[in-house]
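**Q** Below is target-v2.cif; it holds mmCIF, C-alpha atoms.
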```cif
data_model
#
loop_
_atom_site.group_PDB
_atom_site.id
_atom_site.type_symbol
_atom_site.label_atom_id
_atom_site.label_comp_id
_atom_site.auth_asym_id
_atom_site.auth_seq_id
_atom_site.Cartn_x
_atom_site.Cartn_y
_atom_site.Cartn_z
ATOM 1 C CA MET O 1 -54.018 11.783 30.105
ATOM 2 C CA THR O 2 -50.749 12.609 28.392
ATOM 3 C CA GLU O 3 -50.468 15.617 26.171
ATOM 4 C CA PRO O 4 -51.137 15.063 22.453
ATOM 5 C CA ALA O 5 -48.013 14.018 20.597
ATOM 6 C CA GLN O 6 -48.106 16.995 18.262
ATOM 7 C CA ASP O 7 -47.147 19.239 21.162
ATOM 8 C CA SER O 8 -43.776 17.528 21.437
ATOM 9 C CA TYR O 9 -42.251 18.505 18.117
ATOM 10 C CA GLN O 10 -41.566 21.524 15.960
ATOM 11 C CA ASP O 11 -41.813 21.884 12.241
ATOM 12 C CA GLY O 12 -38.794 21.835 9.975
ATOM 13 C CA ASN O 13 -38.195 25.537 10.310
ATOM 14 C CA ALA O 14 -36.509 24.708 13.586
ATOM 15 C CA LEU O 15 -33.673 23.181 11.570
ATOM 16 C CA ALA O 16 -32.947 26.343 9.609
ATOM 17 C CA GLY O 17 -30.518 27.918 12.032
ATOM 18 C CA PRO O 18 -28.529 24.780 12.850
ATOM 19 C CA LEU O 19 -28.315 23.688 9.211
ATOM 20 C CA ARG O 20 -27.141 27.103 8.097
ATOM 21 C CA GLU O 21 -24.302 26.820 10.527
ATOM 22 C CA ILE O 22 -23.466 23.265 9.553
ATOM 23 C CA PHE O 23 -23.338 23.932 5.829
ATOM 24 C CA ALA O 24 -21.221 26.999 6.332
ATOM 25 C CA VAL O 25 -18.368 24.695 7.301
ATOM 26 C CA ASP O 26 -16.321 22.281 5.248
ATOM 27 C CA VAL O 27 -18.346 19.093 5.579
ATOM 28 C CA THR O 28 -15.530 17.008 4.143
ATOM 29 C CA ALA O 29 -13.745 17.442 7.472
ATOM 30 C CA ALA O 30 -16.722 15.922 9.293
ATOM 31 C CA ALA O 31 -16.514 12.367 10.601
ATOM 32 C CA GLY O 32 -19.250 10.058 9.402
ATOM 33 C CA GLN O 33 -20.298 6.470 9.922
ATOM 34 C CA CYS O 34 -21.569 4.123 7.242
ATOM 35 C CA VAL O 35 -25.086 2.752 7.849
ATOM 36 C CA HIS O 36 -24.236 -0.469 6.069
ATOM 37 C CA CYS O 37 -20.967 -1.628 7.669
ATOM 38 C CA GLY O 38 -20.402 0.809 10.520
ATOM 39 C CA LEU O 39 -17.054 2.035 9.263
ATOM 40 C CA ALA O 40 -16.320 5.510 10.603
ATOM 41 C CA GLY O 41 -14.096 8.098 8.993
ATOM 42 C CA PRO O 42 -13.947 11.559 7.512
ATOM 43 C CA VAL O 43 -16.248 12.438 4.626
ATOM 44 C CA ALA O 44 -13.096 13.192 2.684
ATOM 45 C CA SER O 45 -12.217 9.487 2.774
ATOM 46 C CA LEU O 46 -15.348 8.447 0.862
ATOM 47 C CA ARG O 47 -15.099 7.264 -2.743
ATOM 48 C CA VAL O 48 -16.976 9.740 -4.889
ATOM 49 C CA TYR O 49 -18.354 8.776 -8.302
ATOM 50 C CA GLY O 50 -19.677 11.373 -10.680
ATOM 51 C CA PRO O 51 -20.117 14.296 -10.852
ATOM 52 C CA ALA O 52 -22.746 13.443 -13.465
ATOM 53 C CA PRO O 53 -25.602 12.611 -13.267
ATOM 54 C CA GLY O 54 -24.856 13.217 -9.585
ATOM 55 C CA MET O 55 -22.133 12.762 -7.004
ATOM 56 C CA VAL O 56 -22.299 9.360 -5.343
ATOM 57 C CA ALA O 57 -20.061 8.952 -2.310
ATOM 58 C CA ARG O 58 -19.446 5.354 -1.293
ATOM 59 C CA CYS O 59 -17.954 3.791 1.799
ATOM 60 C CA PRO O 60 -14.318 2.764 1.295
ATOM 61 C CA GLY O 61 -15.018 -0.319 3.403
ATOM 62 C CA CYS O 62 -18.116 -1.811 1.772
ATOM 63 C CA ASP O 63 -18.773 0.270 -1.388
ATOM 64 C CA GLU O 64 -22.334 1.036 -0.301
ATOM 65 C CA VAL O 65 -23.735 4.506 -0.890
ATOM 66 C CA VAL O 66 -23.172 6.890 2.027
ATOM 67 C CA LEU O 67 -24.118 10.224 0.462
ATOM 68 C CA ARG O 68 -25.614 11.440 -2.824
ATOM 69 C CA LEU O 69 -25.744 14.976 -4.124
ATOM 70 C CA VAL O 70 -27.553 16.031 -7.290
ATOM 71 C CA ARG O 71 -27.277 19.615 -8.440
ATOM 72 C CA GLY O 72 -30.127 20.799 -10.633
ATOM 73 C CA PRO O 73 -30.424 24.220 -12.194
ATOM 74 C CA ASP O 74 -32.261 25.698 -9.233
ATOM 75 C CA SER O 75 -32.074 23.027 -6.529
ATOM 76 C CA ALA O 76 -29.735 20.563 -4.954
ATOM 77 C CA TRP O 77 -30.798 17.187 -3.598
ATOM 78 C CA LEU O 78 -28.768 15.808 -0.717
ATOM 79 C CA ASP O 79 -29.358 12.220 0.388
ATOM 80 C CA LEU O 80 -27.642 11.166 3.603
ATOM 81 C CA ARG O 81 -29.563 7.962 4.239
ATOM 82 C CA GLY O 82 -26.380 5.944 4.131
ATOM 83 C CA THR O 83 -24.885 7.977 6.949
ATOM 84 C CA VAL O 84 -25.492 7.143 10.608
ATOM 85 C CA SER O 85 -24.465 10.656 11.589
ATOM 86 C CA LEU O 86 -21.939 13.343 10.797
ATOM 87 C CA ARG O 87 -19.703 14.711 13.502
ATOM 88 C CA ILE O 88 -18.851 18.226 12.404
ATOM 89 C CA PRO O 89 -16.041 20.090 14.122
ATOM 90 C CA LEU O 90 -17.317 23.461 15.302
ATOM 91 C CA PRO O 91 -16.000 26.162 17.590
ATOM 92 C CA GLY O 92 -17.978 27.081 20.742
ATOM 93 C CA PRO O 93 -20.558 27.856 21.978
ATOM 94 C CA GLY O 94 -21.801 24.456 22.964
ATOM 95 C CA VAL O 95 -18.682 23.377 24.849
ATOM 96 C CA PRO O 96 -19.771 20.643 27.294
ATOM 97 C CA ASP O 97 -19.581 21.579 30.933
ATOM 98 C CA GLY O 98 -18.517 18.092 31.892
ATOM 99 C CA THR O 99 -21.541 17.321 34.012
ATOM 100 C CA GLY O 100 -23.398 15.526 31.262
ATOM 101 C CA GLU O 101 -26.489 17.396 32.254
ATOM 102 C CA GLY O 102 -28.500 19.908 30.342
ATOM 103 C CA PRO O 103 -28.915 23.553 31.179
ATOM 104 C CA ALA O 104 -30.413 24.371 34.521
ATOM 105 C CA MET X 1 -19.251 41.405 -46.699
ATOM 106 C CA GLY X 2 -22.578 40.132 -45.578
ATOM 107 C CA PHE X 3 -22.168 36.729 -47.091
ATOM 108 C CA VAL X 4 -19.776 33.987 -46.154
ATOM 109 C CA SER X 5 -19.628 30.946 -48.363
ATOM 110 C CA ARG X 6 -19.343 27.499 -46.911
ATOM 111 C CA GLY X 7 -17.259 26.517 -49.866
ATOM 112 C CA PHE X 8 -17.343 22.940 -50.936
ATOM 113 C CA ARG X 9 -16.986 21.238 -47.584
ATOM 114 C CA GLY X 10 -20.610 20.246 -47.501
ATOM 115 C CA ARG X 11 -22.918 20.378 -44.540
ATOM 116 C CA PRO X 12 -21.585 19.690 -41.119
ATOM 117 C CA ARG X 13 -22.901 16.271 -40.193
ATOM 118 C CA ASP X 14 -24.678 17.588 -37.111
ATOM 119 C CA GLU X 15 -26.709 20.071 -39.114
ATOM 120 C CA GLY X 16 -30.337 19.275 -39.594
ATOM 121 C CA VAL X 17 -30.381 16.539 -36.964
ATOM 122 C CA LYS X 18 -33.431 16.783 -34.756
ATOM 123 C CA LEU X 19 -32.507 16.330 -31.123
ATOM 124 C CA PRO X 20 -34.640 16.542 -27.976
ATOM 125 C CA PRO X 21 -34.585 19.989 -26.373
ATOM 126 C CA GLY X 22 -31.341 20.911 -24.655
ATOM 127 C CA GLN X 23 -29.345 17.997 -26.097
ATOM 128 C CA TYR X 24 -26.107 18.094 -28.107
ATOM 129 C CA LEU X 25 -24.693 15.454 -30.384
ATOM 130 C CA VAL X 26 -21.711 13.262 -29.548
ATOM 131 C CA HIS X 27 -19.948 10.679 -31.661
ATOM 132 C CA ASP X 28 -18.102 8.870 -28.891
ATOM 133 C CA PHE X 29 -19.907 6.888 -26.191
ATOM 134 C CA PRO X 30 -19.442 8.619 -22.817
ATOM 135 C CA VAL X 31 -19.378 6.473 -19.693
ATOM 136 C CA LEU X 32 -21.045 7.817 -16.559
ATOM 137 C CA SER X 33 -20.656 5.869 -13.360
ATOM 138 C CA ALA X 34 -22.321 5.882 -9.954
ATOM 139 C CA GLY X 35 -20.167 3.148 -8.517
ATOM 140 C CA PRO X 36 -17.703 0.352 -9.164
ATOM 141 C CA THR X 37 -18.250 -1.621 -12.364
ATOM 142 C CA PRO X 38 -19.726 -5.023 -11.496
ATOM 143 C CA ARG X 39 -18.017 -8.031 -13.089
ATOM 144 C CA VAL X 40 -20.511 -10.838 -13.446
ATOM 145 C CA PRO X 41 -19.223 -14.188 -14.774
ATOM 146 C CA LEU X 42 -21.573 -15.560 -17.411
ATOM 147 C CA ASP X 43 -21.905 -18.906 -15.633
ATOM 148 C CA ARG X 44 -23.297 -17.063 -12.610
ATOM 149 C CA TRP X 45 -25.290 -14.457 -14.532
ATOM 150 C CA GLU X 46 -29.039 -14.633 -14.239
ATOM 151 C CA PHE X 47 -31.938 -12.438 -15.245
ATOM 152 C CA ALA X 48 -35.280 -12.561 -13.446
ATOM 153 C CA ILE X 49 -38.754 -11.115 -13.695
ATOM 154 C CA ASP X 50 -40.515 -11.094 -10.324
ATOM 155 C CA THR X 51 -44.270 -10.643 -10.404
ATOM 156 C CA GLU X 52 -46.490 -8.929 -7.882
ATOM 157 C CA ASP X 53 -47.791 -12.379 -6.892
ATOM 158 C CA GLY X 54 -44.381 -13.639 -5.878
ATOM 159 C CA GLN X 55 -43.726 -15.660 -9.023
ATOM 160 C CA THR X 56 -40.198 -15.479 -10.413
ATOM 161 C CA HIS X 57 -39.210 -16.238 -13.989
ATOM 162 C CA ARG X 58 -35.477 -16.807 -14.436
ATOM 163 C CA TRP X 59 -33.137 -17.043 -17.387
ATOM 164 C CA SER X 60 -29.525 -18.186 -17.354
ATOM 165 C CA TRP X 61 -27.114 -16.692 -19.872
ATOM 166 C CA GLN X 62 -27.501 -19.776 -22.075
ATOM 167 C CA GLU X 63 -31.261 -19.516 -21.906
ATOM 168 C CA LEU X 64 -31.144 -15.845 -22.859
ATOM 169 C CA MET X 65 -28.903 -16.628 -25.825
ATOM 170 C CA ALA X 66 -31.355 -19.280 -26.987
ATOM 171 C CA LEU X 67 -34.180 -16.762 -27.298
ATOM 172 C CA PRO X 68 -34.916 -14.963 -30.566
ATOM 173 C CA ALA X 69 -32.790 -11.820 -30.808
ATOM 174 C CA GLU X 70 -33.495 -8.479 -32.413
ATOM 175 C CA THR X 71 -31.057 -5.877 -33.734
ATOM 176 C CA PRO X 72 -32.529 -2.449 -32.986
ATOM 177 C CA THR X 73 -30.860 0.747 -34.205
ATOM 178 C CA VAL X 74 -31.804 3.478 -31.770
ATOM 179 C CA ASP X 75 -30.925 6.989 -30.610
ATOM 180 C CA LEU X 76 -29.639 7.477 -27.050
ATOM 181 C CA HIS X 77 -30.331 10.587 -24.986
ATOM 182 C CA CYS X 78 -28.513 11.068 -21.685
ATOM 183 C CA VAL X 79 -29.928 13.411 -19.070
ATOM 184 C CA THR X 80 -26.484 15.040 -18.884
ATOM 185 C CA LYS X 81 -27.381 16.432 -22.341
ATOM 186 C CA TRP X 82 -25.455 14.309 -24.799
ATOM 187 C CA SER X 83 -27.227 12.346 -27.493
ATOM 188 C CA LYS X 84 -25.789 9.597 -29.640
ATOM 189 C CA LEU X 85 -27.711 8.688 -32.760
ATOM 190 C CA GLY X 86 -28.081 5.497 -34.748
ATOM 191 C CA THR X 87 -26.573 3.059 -32.251
ATOM 192 C CA ASP X 88 -26.675 -0.638 -33.171
ATOM 193 C CA TRP X 89 -27.614 -3.208 -30.570
ATOM 194 C CA LYS X 90 -28.506 -6.880 -30.318
ATOM 195 C CA GLY X 91 -30.711 -8.253 -27.632
ATOM 196 C CA VAL X 92 -33.944 -9.917 -26.610
ATOM 197 C CA SER X 93 -37.154 -7.933 -26.675
ATOM 198 C CA LEU X 94 -38.913 -7.594 -23.337
ATOM 199 C CA ASP X 95 -42.029 -8.727 -25.208
ATOM 200 C CA THR X 96 -40.342 -12.112 -25.622
ATOM 201 C CA LEU X 97 -39.335 -12.291 -21.966
ATOM 202 C CA PHE X 98 -42.794 -11.232 -20.791
ATOM 203 C CA ALA X 99 -44.583 -13.743 -23.045
ATOM 204 C CA ASP X 100 -45.228 -16.248 -20.250
ATOM 205 C CA VAL X 101 -45.372 -13.772 -17.385
ATOM 206 C CA GLU X 102 -48.803 -13.362 -15.863
ATOM 207 C CA SER X 103 -49.083 -9.958 -14.277
ATOM 208 C CA SER X 104 -51.421 -7.025 -14.082
ATOM 209 C CA ALA X 105 -48.879 -4.767 -12.368
ATOM 210 C CA GLU X 106 -48.504 -1.275 -13.762
ATOM 211 C CA TYR X 107 -45.074 -0.474 -12.388
ATOM 212 C CA ALA X 108 -41.631 -1.968 -12.792
ATOM 213 C CA LEU X 109 -38.502 -1.560 -10.714
ATOM 214 C CA VAL X 110 -35.426 -2.593 -12.663
ATOM 215 C CA TYR X 111 -32.527 -3.755 -10.503
ATOM 216 C CA SER X 112 -28.920 -4.367 -11.389
ATOM 217 C CA TYR X 113 -25.829 -6.173 -10.235
ATOM 218 C CA GLY X 114 -24.092 -3.610 -8.059
ATOM 219 C CA GLY X 115 -27.309 -2.326 -6.504
ATOM 220 C CA TYR X 116 -28.550 0.222 -9.048
ATOM 221 C CA THR X 117 -32.303 0.570 -9.526
ATOM 222 C CA THR X 118 -34.603 2.526 -11.810
ATOM 223 C CA ASN X 119 -38.378 2.593 -12.167
ATOM 224 C CA LEU X 120 -40.701 2.931 -15.105
ATOM 225 C CA PRO X 121 -44.239 1.951 -16.101
ATOM 226 C CA VAL X 122 -44.559 -1.634 -17.344
ATOM 227 C CA GLU X 123 -46.117 -0.374 -20.576
ATOM 228 C CA ASP X 124 -42.826 1.363 -21.405
ATOM 229 C CA LEU X 125 -41.128 -2.040 -21.445
ATOM 230 C CA LEU X 126 -43.555 -3.628 -23.901
ATOM 231 C CA ASP X 127 -44.692 -3.330 -27.536
ATOM 232 C CA GLY X 128 -41.217 -3.224 -29.033
ATOM 233 C CA LYS X 129 -39.909 -0.429 -26.848
ATOM 234 C CA ALA X 130 -37.315 -2.240 -24.704
ATOM 235 C CA TRP X 131 -34.689 -4.970 -24.878
ATOM 236 C CA ILE X 132 -32.202 -6.851 -22.757
ATOM 237 C CA ALA X 133 -29.190 -5.953 -24.878
ATOM 238 C CA TYR X 134 -25.948 -7.914 -24.912
ATOM 239 C CA GLN X 135 -24.177 -6.642 -28.030
ATOM 240 C CA PHE X 136 -23.270 -3.120 -29.076
ATOM 241 C CA ASP X 137 -21.916 -2.248 -32.503
ATOM 242 C CA GLY X 138 -21.461 -5.899 -33.377
ATOM 243 C CA GLU X 139 -19.429 -6.820 -30.326
ATOM 244 C CA GLU X 140 -20.241 -8.167 -26.896
ATOM 245 C CA LEU X 141 -21.305 -5.397 -24.579
ATOM 246 C CA ALA X 142 -18.361 -4.035 -22.608
ATOM 247 C CA ALA X 143 -18.675 -3.949 -18.827
ATOM 248 C CA ALA X 144 -18.251 -0.169 -18.842
ATOM 249 C CA HIS X 145 -21.412 0.105 -20.922
ATOM 250 C CA GLY X 146 -23.362 -2.383 -18.821
ATOM 251 C CA GLY X 147 -22.185 -5.766 -20.054
ATOM 252 C CA PRO X 148 -22.758 -8.572 -20.048
ATOM 253 C CA ALA X 149 -26.310 -7.262 -20.493
ATOM 254 C CA ARG X 150 -28.202 -4.052 -19.917
ATOM 255 C CA LEU X 151 -31.734 -2.848 -20.291
ATOM 256 C CA LEU X 152 -32.237 -0.752 -23.408
ATOM 257 C CA VAL X 153 -35.274 1.521 -23.301
ATOM 258 C CA PRO X 154 -34.199 4.297 -25.643
ATOM 259 C CA HIS X 155 -37.340 6.429 -25.662
ATOM 260 C CA LEU X 156 -36.495 7.505 -22.093
ATOM 261 C CA TYR X 157 -33.332 9.191 -20.785
ATOM 262 C CA LEU X 158 -30.477 6.727 -20.666
ATOM 263 C CA TRP X 159 -30.402 6.378 -16.868
ATOM 264 C CA LYS X 160 -33.542 4.252 -17.314
ATOM 265 C CA SER X 161 -31.555 1.804 -19.481
ATOM 266 C CA ALA X 162 -30.045 0.109 -16.444
ATOM 267 C CA LYS X 163 -26.536 -1.258 -16.931
ATOM 268 C CA TRP X 164 -25.677 -4.725 -15.558
ATOM 269 C CA VAL X 165 -29.354 -5.581 -15.402
ATOM 270 C CA GLN X 166 -30.258 -8.397 -13.028
ATOM 271 C CA GLY X 167 -34.018 -8.329 -12.924
ATOM 272 C CA ILE X 168 -37.337 -6.545 -13.121
ATOM 273 C CA ARG X 169 -39.723 -6.451 -10.199
ATOM 274 C CA LEU X 170 -43.365 -5.916 -11.144
ATOM 275 C CA MET X 171 -45.373 -3.985 -8.595
ATOM 276 C CA ASN X 172 -48.794 -2.471 -8.072
ATOM 277 C CA GLU X 173 -47.227 0.712 -6.713
ATOM 278 C CA ASP X 174 -44.551 2.909 -8.189
ATOM 279 C CA TRP X 175 -41.215 2.662 -6.394
ATOM 280 C CA PRO X 176 -38.726 5.360 -7.392
ATOM 281 C CA GLY X 177 -35.225 4.113 -8.142
ATOM 282 C CA PHE X 178 -31.680 5.304 -7.544
ATOM 283 C CA TRP X 179 -31.695 8.614 -9.423
ATOM 284 C CA GLU X 180 -35.439 9.093 -9.140
ATOM 285 C CA THR X 181 -35.039 9.385 -5.355
ATOM 286 C CA ALA X 182 -32.211 11.902 -5.741
ATOM 287 C CA GLY X 183 -33.856 14.658 -7.721
ATOM 288 C CA TYR X 184 -34.238 13.200 -11.188
ATOM 289 C CA HIS X 185 -37.593 12.971 -12.924
ATOM 290 C CA ASN X 186 -39.745 9.946 -12.229
ATOM 291 C CA TYR X 187 -40.458 9.264 -15.924
ATOM 292 C CA GLY X 188 -37.677 10.927 -17.928
ATOM 293 C CA ASP X 189 -39.037 11.645 -21.404
ATOM 294 C CA PRO X 190 -36.249 13.455 -23.305
ATOM 295 C CA TRP X 191 -38.672 15.022 -25.796
ATOM 296 C CA ARG X 192 -40.488 16.705 -22.906
ATOM 297 C CA GLU X 193 -37.144 17.451 -21.221
ATOM 298 C CA GLN X 194 -38.144 15.714 -18.012
ATOM 299 C CA ARG X 195 -34.744 15.877 -16.356
ATOM 300 C CA TYR X 196 -35.501 16.813 -12.765
ATOM 301 C CA GLN X 197 -38.416 16.455 -10.403
ATOM 302 C CA GLY X 198 -40.959 19.100 -11.300
ATOM 303 C CA ASP X 199 -39.909 19.388 -14.965
#
```
For the structure just supplied, provide its representation as structure tokens.

**A**
Amino acid sequence: MTEPAQDSYQDGNALAGPLREIFAVDVTAAAGQCVHCGLAGPVASLRVYGPAPGMVARCPGCDEVVLRLVRGPDSAWLDLRGTVSLRIPLPGPGVPDGTGEGPA
Amino acid sequence: MGFVSRGFRGRPRDEGVKLPPGQYLVHDFPVLSAGPTPRVPLDRWEFAIDTEDGQTHRWSWQELMALPAETPTVDLHCVTKWSKLGTDWKGVSLDTLFADVESSAEYALVYSYGGYTTNLPVEDLLDGKAWIAYQFDGEELAAAHGGPARLLVPHLYLWKSAKWVQGIRLMNEDWPGFWETAGYHNYGDPWREQRYQGD
């Protein structure tokens, strides 16, 4: 018997540390890829409409929505569903050792 | 001096106007945009109502123009807090467009040229509360304001009045639209100040 699936994941609190580090940097310098057409480029190259009712950042290649940000009085909503991933330049630690393998 | 006279200038025109909570009055017509303005040639324009059973009712521009039109004068309330009062429109009531539509769906997802969507209960589209509007202030509706035609459902915040309307999908389940999935209220009643989720 394999272990129950719920043993293989953590709850969202596990994201807190990594996200705090990510959002402490200038995300516009990050490289993203559009879900819709695959175009890759810096967030700063997106076409941003708004700011009201919200900021809508669209792909310069296909005009589809890559990122949305709505700022309410006590919350912000960030929608990244149009983004394959963001590559965010960060200083070490985490420098690859070149082996392609995880920690021993 | 504890008294300052207004003189003979009369009342400021904004005074005494009842607005929804948190709104202020404007006299221009602000344009808010979430993307490029679609340009839809009238000979390719089409409006559709899609039912939950897979039936689609379609109208060309000529067919829409042939329907009886109404000329509502309504107040507009934008969630970004401006209100514009007494705006004059011309368009076709959704009651007219729904006349031959057989549906028991409770929810509608309005979709637009350009990809915008917004959701609302079907009952908010009926009984004289909503139109497909194609004229504003006596002139054809400018593309910046949603032309050639937009939904007009003025009892809700203006983001529900989808510009460049292309169709309405009737559904048995609610399906939040573009702004409703990004923090804005699912219903958007300005008189209850339903701006954001949780309001």

**Q** Which range 43-81 of chain O residues have any atom within 10 Å of an atom of range 22-32 of chain X, and for each, what is the nearest pair of atoms with distance in Å to one decimal, counting only C-alpha atoms, rows sorted by chain and number, as a tab-separated table?

**A**
```
residue	atom	partner	partner_atom	distance
O:Tyr49	CA	X:Leu32	CA	8.7
O:Gly50	CA	X:Leu32	CA	7.0
O:Pro51	CA	X:Leu32	CA	8.7
O:Ala52	CA	X:Leu32	CA	6.6
O:Pro53	CA	X:Leu32	CA	7.4
O:Gly54	CA	X:Leu32	CA	9.6
```

**Q** Please write the residues from the selection above to a file, keeping C-alpha atoms, as a PDB file, in the frame of the given file.

**A**
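Listing of out37.pdb after writing:
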```pdb
ATOM      1  CA  TYR O  49     -18.354   8.776  -8.302  1.00  0.00           C
ATOM      2  CA  GLY O  50     -19.677  11.373 -10.680  1.00  0.00           C
ATOM      3  CA  PRO O  51     -20.117  14.296 -10.852  1.00  0.00           C
ATOM      4  CA  ALA O  52     -22.746  13.443 -13.465  1.00  0.00           C
ATOM      5  CA  PRO O  53     -25.602  12.611 -13.267  1.00  0.00           C
ATOM      6  CA  GLY O  54     -24.856  13.217  -9.585  1.00  0.00           C
TER       7      GLY O  54
END
```

**Q** Any chance you could resolve the PyMOL selection byres ((chain O) within 8 of (chain X)) against this file and give the residues as a ChimeraX atom specification?

**A** /O:49-50,52-56,58,63,68-70,72,76-79

**Q** Translate the PyMOL selection byres ((chain X and resi 47) around 9), as applied to the file shown, into an explicit residue set as an MDAnalysis selection string.

**A** chainID X and resid 45:46 48:49 57:61 64 165:168

**Q** Measuring between all atoms listed in the file, which one of X:Ser104, X:Val92, X:Lys81, X:Ala69 shows the shortest distance to Glu173 in chain X?

**A**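 For Glu173 in chain X, the nearest of the given residues is X:Ser104.
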
**Q** Please indicate the distance in Å from CA of His77 in chain X to CA of His155 in chain X, rounded to one decimal place.

**A** 8.2 Å

**Q** Can you work out the spacing between CA of Glu180 in chain X and CA of Ala29 in chain O in Å, to one decimal?

**A**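 CA of Ala29 in chain O lies at a distance of 28.6 Å from CA of Glu180 in chain X.
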
**Q** Just give me the gap between CA of Gly188 in chain X and CA of Pro176 in chain X in Å, one decimal is fine.

**A** 12.0 Å

**Q** Extract, using all atoms listed in the file, all DNA, RNA and protein residues at most 8 Å from Gly41 in chain O, discarding same-chain residues fewer than 4 positions from it, and format them as a ChimeraX atom specification.

**A** /O:31-33,45

**Q** At a cut-off of 12 Å, using all atoms listed in the file, what residues contact range 10-18 of chain O? Leave out same-chain residues fewer than 6 positions from it and give the result as number ranges by chain.

**A** O: 24-25, 88, 90

**Q** Of the residues X:Asp124, X:Glu63, X:Asp100, X:Asp43, which is the one nearest to Asp189 in chain X, using only C-alpha atoms?

**A**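 Of all the options, X:Asp124 lies closest to Asp189 in chain X.
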
**Q** Could you write out as lines of an AutoDock Vina configuration file the box around range 191-197 of chain X (axis-aligned, all atoms listed in the file, 5 Å on each side), with centre and edge lengths in Å to one decimal?

**A**
```
center_x = -37.6
center_y = 16.2
center_z = -18.1
size_x = 15.7
size_y = 12.4
size_z = 25.4
```
